[in-house]
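Shown next: input_8.txt, containing compact mmCIF, C-alpha atoms.
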# COMPACT_ATOMS: atom_id res chain seq x y z
CA MET Q 1 7.71 -3.19 -0.17
CA ALA Q 2 4.82 -2.06 -2.36
CA GLY Q 3 6.79 0.71 -3.97
CA LYS Q 4 8.02 2.14 -0.66
CA ALA Q 5 4.66 2.59 1.01
CA ARG Q 6 4.94 4.49 4.28
CA ARG Q 7 3.07 1.82 6.22
CA LEU Q 8 1.79 -1.69 5.60
CA ILE Q 9 -0.61 -4.18 7.11
CA GLY Q 10 0.72 -7.72 7.22
CA GLN Q 11 -2.21 -10.11 6.80
CA PRO Q 12 -2.22 -13.88 7.32
CA ILE Q 13 -5.09 -15.55 5.42
CA ASN Q 14 -6.12 -19.17 5.93
CA PRO Q 15 -6.15 -20.81 2.46
CA GLN Q 16 -9.02 -23.13 3.38
CA THR Q 17 -11.42 -20.61 4.93
CA GLY Q 18 -10.22 -17.39 3.30
CA GLN Q 19 -10.46 -15.75 6.74
CA GLU Q 20 -7.97 -13.77 8.79
CA PRO Q 21 -7.00 -15.43 12.09
CA LEU Q 22 -8.47 -13.74 15.14
CA THR Q 23 -5.78 -14.20 17.78
CA TYR Q 24 -2.46 -12.81 16.57
CA PRO Q 25 -1.43 -9.83 18.75
CA TRP Q 26 1.13 -8.61 16.21
CA TYR Q 27 -1.65 -8.28 13.63
CA HIS Q 28 -4.56 -7.15 15.79
CA GLU Q 29 -2.49 -4.90 18.05
CA TRP Q 30 -4.63 -1.92 19.00
CA GLY Q 31 -4.93 0.52 16.13
CA ARG Q 32 -2.58 -1.34 13.80
CA VAL Q 33 -5.30 -2.80 11.55
CA ASN Q 34 -6.03 0.75 10.43
CA ARG Q 35 -2.65 2.41 11.03
CA GLY Q 36 -0.41 -0.37 9.81
CA PHE Q 37 3.30 -0.98 10.45
CA THR Q 38 6.33 0.75 9.05
CA PRO Q 39 8.57 -1.56 6.97
CA GLU Q 40 11.05 -1.57 9.85
CA GLU Q 41 8.38 -2.60 12.34
CA LEU Q 42 7.16 -5.33 10.02
CA LEU Q 43 10.68 -6.70 9.62
CA ARG Q 44 10.96 -7.00 13.39
CA ARG Q 45 7.76 -9.08 13.33
CA MET Q 46 9.05 -11.31 10.56
CA PRO Q 47 9.81 -14.36 12.78
CA GLU Q 48 6.14 -14.43 13.80
CA ILE Q 49 5.01 -14.04 10.18
CA VAL Q 50 7.29 -16.89 9.14
CA LYS Q 51 5.72 -19.11 11.81
CA LEU Q 52 2.30 -18.38 10.34
CA ALA Q 53 3.51 -19.20 6.85
CA ARG Q 54 4.91 -22.53 8.08
CA ARG Q 55 1.50 -23.28 9.56
CA GLY Q 56 0.04 -23.00 6.07
CA GLU Q 57 -1.26 -19.43 6.11
CA ASN Q 58 -1.11 -17.22 3.03
CA ILE Q 59 0.71 -13.94 3.76
CA TYR Q 60 -0.38 -10.62 2.28
CA TYR Q 61 0.74 -7.00 2.57
CA THR Q 62 -1.56 -3.99 2.23
CA PRO Q 63 0.33 -0.76 1.42
CA LEU Q 64 -0.96 2.36 3.19
CA SER Q 65 -0.12 6.00 2.59
CA GLU Q 66 -1.68 9.37 3.33
CA GLN Q 67 0.06 10.93 0.35
CA LYS Q 68 -0.18 8.30 -2.40
CA HIS Q 69 -2.44 5.70 -3.91
CA HIS Q 70 -1.03 2.18 -4.29
CA ILE Q 71 -3.41 0.53 -6.74
CA LEU Q 72 -3.33 -3.22 -7.25
CA ILE Q 73 -3.98 -4.86 -10.61
CA ASP Q 74 -4.47 -8.56 -9.96
CA ASP Q 75 -4.51 -11.77 -11.96
CA MET Q 76 -2.54 -10.47 -14.95
CA SER Q 77 -1.38 -12.65 -17.81
CA PRO Q 78 2.06 -12.04 -19.39
CA GLU Q 79 0.27 -10.50 -22.36
CA LYS Q 80 -1.62 -8.06 -20.13
CA VAL Q 81 1.62 -7.15 -18.36
CA MET Q 82 3.11 -6.16 -21.71
CA GLN Q 83 -0.03 -4.29 -22.78
CA LEU Q 84 -0.14 -2.30 -19.57
CA GLN Q 85 3.37 -1.00 -20.18
CA LYS Q 86 2.73 -0.37 -23.88
CA ASP Q 87 -0.21 1.80 -22.85
CA GLY Q 88 2.14 4.02 -20.85
CA PHE Q 89 1.67 2.79 -17.29
CA LYS Q 90 4.83 2.48 -15.18
CA PRO Q 91 4.32 0.07 -12.26
CA ALA Q 92 6.35 0.32 -9.08
CA VAL Q 93 6.07 -3.44 -8.47
CA PHE Q 94 5.48 -6.65 -10.41
CA LEU Q 95 4.91 -9.87 -8.46
CA GLU Q 96 4.63 -13.32 -9.98
CA SER Q 97 1.95 -14.64 -7.62
CA SER Q 98 1.78 -18.03 -9.36
CA PRO Q 99 3.36 -19.39 -12.56
CA ASP Q 100 2.64 -16.92 -15.41
CA ASN Q 101 0.21 -14.98 -13.23
CA TYR Q 102 1.15 -11.51 -12.02
CA GLN Q 103 0.16 -8.76 -9.62
CA CYS Q 104 1.10 -5.16 -10.33
CA ILE Q 105 1.11 -2.04 -8.14
CA LEU Q 106 0.79 1.47 -9.55
CA THR Q 107 1.85 4.32 -7.27
CA PHE Q 108 0.77 7.92 -7.84
CA PRO Q 109 0.00 11.00 -5.68
CA LYS Q 110 -3.40 11.50 -4.14
CA CYS Q 111 -5.32 14.57 -5.30
CA HIS Q 112 -6.10 15.56 -1.69
CA GLY Q 113 -9.65 16.57 -2.50
CA ILE Q 114 -13.07 15.37 -1.47
CA PHE Q 115 -13.06 12.72 -4.20
CA ASP Q 116 -9.79 10.98 -3.28
CA ARG Q 117 -11.40 7.72 -2.18
CA ASP Q 118 -13.76 7.60 -5.17
CA ILE Q 119 -10.89 8.32 -7.56
CA GLY Q 120 -8.81 5.45 -6.21
CA ASN Q 121 -11.73 3.02 -6.17
CA ARG Q 122 -12.92 3.89 -9.67
CA LEU Q 123 -9.47 3.74 -11.21
CA THR Q 124 -8.90 0.36 -9.55
CA VAL Q 125 -12.08 -0.98 -11.15
CA ILE Q 126 -11.26 0.49 -14.58
CA LEU Q 127 -7.70 -0.85 -14.71
CA ASN Q 128 -8.61 -4.29 -13.41
CA LYS Q 129 -11.38 -4.65 -15.97
CA ARG Q 130 -8.89 -3.69 -18.68
CA TYR Q 131 -5.81 -5.61 -17.58
CA GLY Q 132 -6.54 -7.90 -14.63
CA ASP Q 133 -9.29 -9.18 -12.39
CA PRO Q 134 -12.66 -7.64 -13.41
CA LYS Q 135 -14.12 -8.51 -10.00
CA LEU Q 136 -11.53 -6.60 -7.99
CA SER Q 137 -12.55 -3.26 -6.47
CA GLY Q 138 -11.20 -1.01 -3.76
CA ALA Q 139 -8.02 1.06 -3.93
CA VAL Q 140 -6.74 -0.17 -0.55
CA HIS Q 141 -6.20 -3.83 -1.32
CA PRO Q 142 -3.77 -6.54 -0.14
CA HIS Q 143 -1.22 -8.16 -2.42
CA ARG Q 144 0.67 -11.39 -1.86
CA ALA Q 145 3.91 -11.10 0.08
CA PRO Q 146 6.96 -12.09 -1.98
CA GLY Q 147 9.06 -14.93 -0.64
CA PHE Q 148 6.09 -16.80 0.79
CA GLU Q 149 4.10 -19.62 -0.76
CA ASN Q 150 0.88 -19.12 -2.66
CA ARG Q 151 -1.10 -21.80 -0.89
CA LYS Q 152 -4.23 -21.50 -2.97
CA PRO Q 153 -5.45 -25.11 -3.42
CA THR Q 154 -5.53 -24.79 -7.21
CA HIS Q 155 -1.77 -24.12 -7.20
CA GLU Q 156 -0.79 -27.21 -5.21
CA ARG Q 157 1.79 -29.37 -6.99
CA LYS Q 158 1.61 -33.14 -7.25
CA ASP Q 159 4.21 -33.51 -4.50
CA GLY Q 160 2.12 -31.36 -2.14
CA THR Q 161 4.31 -28.25 -2.38
CA PHE Q 162 3.36 -24.78 -3.57
CA SER Q 163 5.13 -22.21 -5.71
CA ARG Q 164 6.59 -19.16 -4.00
CA VAL Q 165 5.54 -15.61 -4.78
CA SER Q 166 8.48 -13.91 -6.46
CA LEU Q 167 9.32 -10.23 -6.81
CA SER Q 168 9.85 -9.79 -10.55
CA TYR Q 169 10.41 -6.05 -10.56
CA ALA Q 170 10.48 -3.16 -8.09
CA VAL Q 171 11.47 0.47 -8.53
CA ARG Q 172 10.65 3.57 -6.54
CA GLN Q 173 8.63 5.51 -9.07
CA GLU Q 174 5.28 7.18 -9.56
CA CYS Q 175 3.09 6.47 -12.56
CA GLN Q 176 2.27 9.68 -14.41
CA LYS Q 177 -0.19 7.89 -16.70
CA ALA Q 178 -2.20 6.75 -13.67
CA LEU Q 179 -2.13 10.30 -12.29
CA ILE Q 180 -3.50 11.64 -15.59
CA GLU Q 181 -6.32 9.08 -15.51
CA ALA Q 182 -7.01 10.01 -11.88
CA ARG Q 183 -7.29 13.69 -12.80
CA LYS Q 184 -9.81 12.80 -15.52
CA ILE Q 185 -11.92 10.93 -12.98
CA GLU Q 186 -11.63 13.84 -10.54
CA GLN Q 187 -12.84 16.27 -13.21
CA ALA Q 188 -15.80 14.03 -14.08
CA LEU Q 189 -16.75 13.69 -10.40
CA ALA Q 190 -16.46 17.45 -9.86
CA THR Q 191 -18.65 18.14 -12.90
CA ALA Q 192 -21.28 15.70 -11.69
CA GLN Q 193 -21.16 17.30 -8.22
CA GLN Q 194 -21.66 20.76 -9.73
CA GLN Q 195 -24.62 19.52 -11.73
CA ARG Q 196 -26.18 18.05 -8.60
CA GLU Q 197 -25.61 21.31 -6.73
CA ARG Q 198 -27.19 23.34 -9.54
CA GLN Q 199 -30.13 20.96 -9.52
CA ALA Q 200 -30.42 21.29 -5.75
CA ASN Q 201 -30.35 25.09 -6.05
CA LEU Q 202 -33.30 24.93 -8.39
CA LEU Q 203 -35.16 23.25 -5.53
CA PRO Q 204 -33.94 25.21 -2.48
CA SER Q 205 -36.52 23.42 -0.42
CA ILE Q 206 -38.70 20.51 -1.31
CA ALA Q 207 -42.28 21.67 -1.36
CA ALA Q 208 -44.52 20.25 1.35
CA GLN Q 209 -46.60 18.41 -1.22
CA GLY Q 210 -43.51 16.96 -2.86
CA THR Q 211 -42.12 15.92 0.50
CA ALA Q 212 -45.32 14.14 1.41
CA SER Q 213 -45.40 12.41 -1.96
CA LEU Q 214 -41.82 11.17 -1.63
CA GLN Q 215 -42.39 9.96 1.90
CA GLN Q 216 -45.43 8.05 0.69
CA ALA Q 217 -43.25 6.52 -2.03
CA TYR Q 218 -40.68 5.47 0.60
CA PHE Q 219 -43.28 3.59 2.62
CA LYS Q 220 -44.81 1.98 -0.48
CA HIS Q 221 -41.39 0.55 -1.33
CA TRP Q 222 -40.88 -0.45 2.32
CA VAL Q 223 -44.15 -2.43 2.33
CA ASP Q 224 -43.28 -4.04 -1.01
CA ILE Q 225 -39.84 -5.15 0.16
CA ARG Q 226 -41.19 -6.38 3.49
CA GLU Q 227 -43.69 -8.62 1.68
CA HIS Q 228 -40.94 -10.46 -0.15
CA LEU Q 229 -37.92 -10.39 2.16
CA THR Q 230 -37.24 -11.19 5.79
CA ILE Q 231 -35.99 -7.86 7.13
CA GLU Q 232 -32.76 -8.29 9.08
CA ASP Q 233 -30.72 -5.31 7.91
CA PHE Q 234 -32.61 -2.00 7.79
CA SER Q 235 -29.63 -0.26 6.19
CA ARG Q 236 -29.90 -2.65 3.27
CA VAL Q 237 -33.61 -1.85 2.97
CA ASP Q 238 -32.87 1.89 2.90
CA ALA Q 239 -30.26 1.29 0.20
CA MET Q 240 -32.83 -0.64 -1.85
CA ILE Q 241 -35.39 2.14 -1.46
CA ALA Q 242 -32.84 4.83 -2.34
CA LEU Q 243 -31.94 2.97 -5.53
CA ARG Q 244 -35.61 2.55 -6.44
CA LEU Q 245 -36.28 6.26 -5.87
CA ARG Q 246 -33.35 7.15 -8.08
CA SER Q 247 -34.63 4.77 -10.76
CA ASN Q 248 -38.00 6.50 -10.63
CA GLY Q 249 -36.47 9.88 -11.42
CA HIS Q 250 -36.02 11.48 -8.00
CA THR Q 251 -32.90 13.59 -7.45
CA GLN Q 252 -30.13 12.86 -4.97
CA PRO Q 253 -31.13 15.74 -2.63
CA GLU Q 254 -34.72 14.48 -2.67
CA VAL Q 255 -33.67 10.91 -1.91
CA GLU Q 256 -31.33 12.08 0.84
CA GLU Q 257 -34.05 14.14 2.52
CA THR Q 258 -36.57 11.30 2.22
CA ILE Q 259 -34.19 8.78 3.84
CA ARG Q 260 -33.40 11.24 6.63
CA ALA Q 261 -37.10 11.81 7.33
CA CYS Q 262 -38.39 8.25 6.96
CA ALA Q 263 -35.61 5.83 7.92
CA PRO Q 264 -36.05 6.29 11.70
CA ALA Q 265 -39.73 5.40 11.45
CA ILE Q 266 -39.14 1.76 10.40
CA ARG Q 267 -36.85 1.07 13.35
CA GLU Q 268 -37.71 0.38 16.96
CA ARG Q 269 -34.46 1.92 18.20
CA ARG Q 270 -33.82 5.34 16.72
CA ALA Q 271 -31.32 6.91 19.11
CA GLY Q 272 -27.57 6.98 18.73
CA ARG Q 273 -27.36 7.62 14.99
CA ASN Q 274 -26.64 10.77 13.02
CA TRP Q 275 -29.53 10.46 10.56
CA GLN Q 276 -28.31 13.31 8.37
CA ARG Q 277 -24.96 11.63 7.72
CA TYR Q 278 -26.67 8.27 7.33
CA ALA Q 279 -28.99 9.72 4.69
CA GLU Q 280 -26.06 11.33 2.88
CA ARG Q 281 -24.18 8.01 2.72
CA THR Q 282 -27.24 6.08 1.57
CA ALA Q 283 -28.06 8.58 -1.18
CA ALA Q 284 -24.40 8.70 -2.21
CA TYR Q 285 -24.48 4.93 -2.72
CA ALA Q 286 -27.59 5.11 -4.92
CA PHE Q 287 -26.13 7.86 -7.11
CA GLY Q 288 -22.52 6.63 -7.10
CA TYR Q 289 -20.62 3.89 -8.88
CA ALA Q 290 -22.19 1.09 -6.84
CA GLY Q 291 -25.63 2.49 -7.59
CA ASP Q 292 -24.79 2.66 -11.31
CA ARG Q 293 -23.78 -1.00 -11.18
CA ASP Q 294 -26.88 -2.10 -9.29
CA MET Q 295 -29.16 -0.09 -11.60
CA GLU Q 296 -27.69 -1.99 -14.53
CA ARG Q 297 -28.05 -5.34 -12.75
CA ASN Q 298 -31.71 -4.65 -12.01
CA THR Q 299 -32.80 -3.13 -15.31
CA ARG Q 300 -35.63 -5.64 -15.71
CA TYR Q 301 -37.23 -4.53 -12.42
CA ARG Q 302 -37.28 -0.77 -13.01
CA GLU Q 303 -40.73 -0.67 -14.56
CA LEU Q 304 -42.04 -2.69 -11.63
CA TRP Q 305 -40.44 -0.26 -9.17
CA ARG Q 306 -42.22 2.59 -10.95
CA ARG Q 307 -45.53 0.83 -10.51
CA VAL Q 308 -44.93 0.41 -6.79
CA GLU Q 309 -45.01 4.20 -6.46
CA GLY Q 310 -48.34 4.20 -8.30
CA GLU Q 311 -47.31 6.38 -11.23
CA ASP Q 312 -49.85 6.51 -14.06
CA GLY Q 313 -52.40 5.14 -11.61
CA ALA Q 314 -50.79 1.72 -11.46
CA GLU Q 315 -50.57 0.54 -7.85
CA GLN Q 316 -49.17 -2.88 -8.65
CA ARG Q 317 -46.38 -4.13 -6.46
CA THR Q 318 -43.33 -5.91 -7.72
CA ARG Q 319 -43.23 -9.67 -7.27
CA MET Q 320 -39.51 -9.69 -7.92
CA ARG Q 321 -36.77 -9.35 -5.34
CA PHE Q 322 -34.19 -6.62 -5.52
Please go through the file and, once you have read it, give me the structure as structure tokens.
Amino acid sequence: MAGKARRLIGQPINPQTGQEPLTYPWYHEWGRVNRGFTPEELLRRMPEIVKLARRGENIYYTPLSEQKHHILIDDMSPEKVMQLQKDGFKPAVFLESSPDNYQCILTFPKCHGIFDRDIGNRLTVILNKRYGDPKLSGAVHPHRAPGFENRKPTHERKDGTFSRVSLSYAVRQECQKALIEARKIEQALATAQQQRERQANLLPSIAAQGTASLQQAYFKHWVDIREHLTIEDFSRVDAMIALRLRSNGHTQPEVEETIRACAPAIRERRAGRNWQRYAERTAAYAFGYAGDRDMERNTRYRELWRRVEGEDGAEQRTRMRF
């Protein structure tokens, strides 16, 4: 199972709605959604899983481990399967999820540093863009369970049946090539972190004038967004503002401090939240991979965002939505 993962989550997915059912005690048993089942525990639940499959549910497994990454490469053609191996990657598992369409799992040790999650997520994106599904992201990801039907409507046969997911290959091994790529990502993340820390040390404290200016910028963006969107999710608004501030040349420590100082002011209820941690997460988004992606997606708006802050005397507000 998934290259001998220590624990797994067994997930039934309705093929029509794409949603997990809400009322299966074996799946939603307290703590198990996060902790998972051992392979032995999952085997004992197999009669219940089979009943779900007979009802028409798709069955997935999500491998979990504290020691290793289990990265999924999805939607692979036979040619990409061959190319992956030619490039030196050694998968622990190949699944034929539908005729001539494959899923692959690469297993390798975690680095056990502060960047572990980012490393897994970034490598998942890189490898799926190169060999599989370019839209897939997230290192902890479900794969189809072998032996069960792939009930995706596009795979329905003329007689109303569906092909079964087959286990093409499985071996208990770690992929050294994936580990090397992970170490490269770790080094890049560490270098970027050091650069940010050096930059922060150059500004041991944001000057009062600079703080006031940044807080003014926050509220200018807040007013601009509020004019064009119905505000339902304040966290989304803060993420938008953080990205705009980054685009306008402000550093991550500056953005973090601005979010911490200003975010409570736009909310009616301010209690019950650790604003420092909230600001750290919001700034980390804006300066992380997701922020890089969203900066690229919104390139055409960046000049308008600059004008919202009133740089060069221009106080025009954007008429575009971010």
For Asn121 of chain Q, which residue among Q:Val81, Q:Lys86, Q:Leu95, Q:Ile71 is the nearest when counting all atoms listed in the file?
Q:Ile71
In terms of the shortest atom-to-atom distance over only C-alpha atoms, which of Q:Pro109, Q:Gly310, Q:Pro253, Q:Gly160 is closest to Ala283 of chain Q?
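Counting only C-alpha atoms, the residue closest to Ala283 of chain Q is Q:Pro253.
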Distance atom CA of Ala92 of chain Q-atom CA of Ser168 of chain Q, one decimal place?
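Atom CA of Ser168 of chain Q lies 10.8 Å from atom CA of Ala92 of chain Q.
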Please report the interatomic distance between atom CA of Gln194 of chain Q and atom CA of Thr251 of chain Q in Å with one decimal.
13.5 Å
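With only C-alpha atoms as the atoms that count, the residue of Q:Thr124, Q:Gln195, Q:Asn298, Q:Gln176 with the shortest distance to Asp87 of chain Q is Q:Gln176.
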Hey, which of Q:Arg273, Q:Leu229, Q:Thr282, Q:Phe219 ends up closest to Leu243 of chain Q? Count all atoms listed in the file.
Q:Thr282
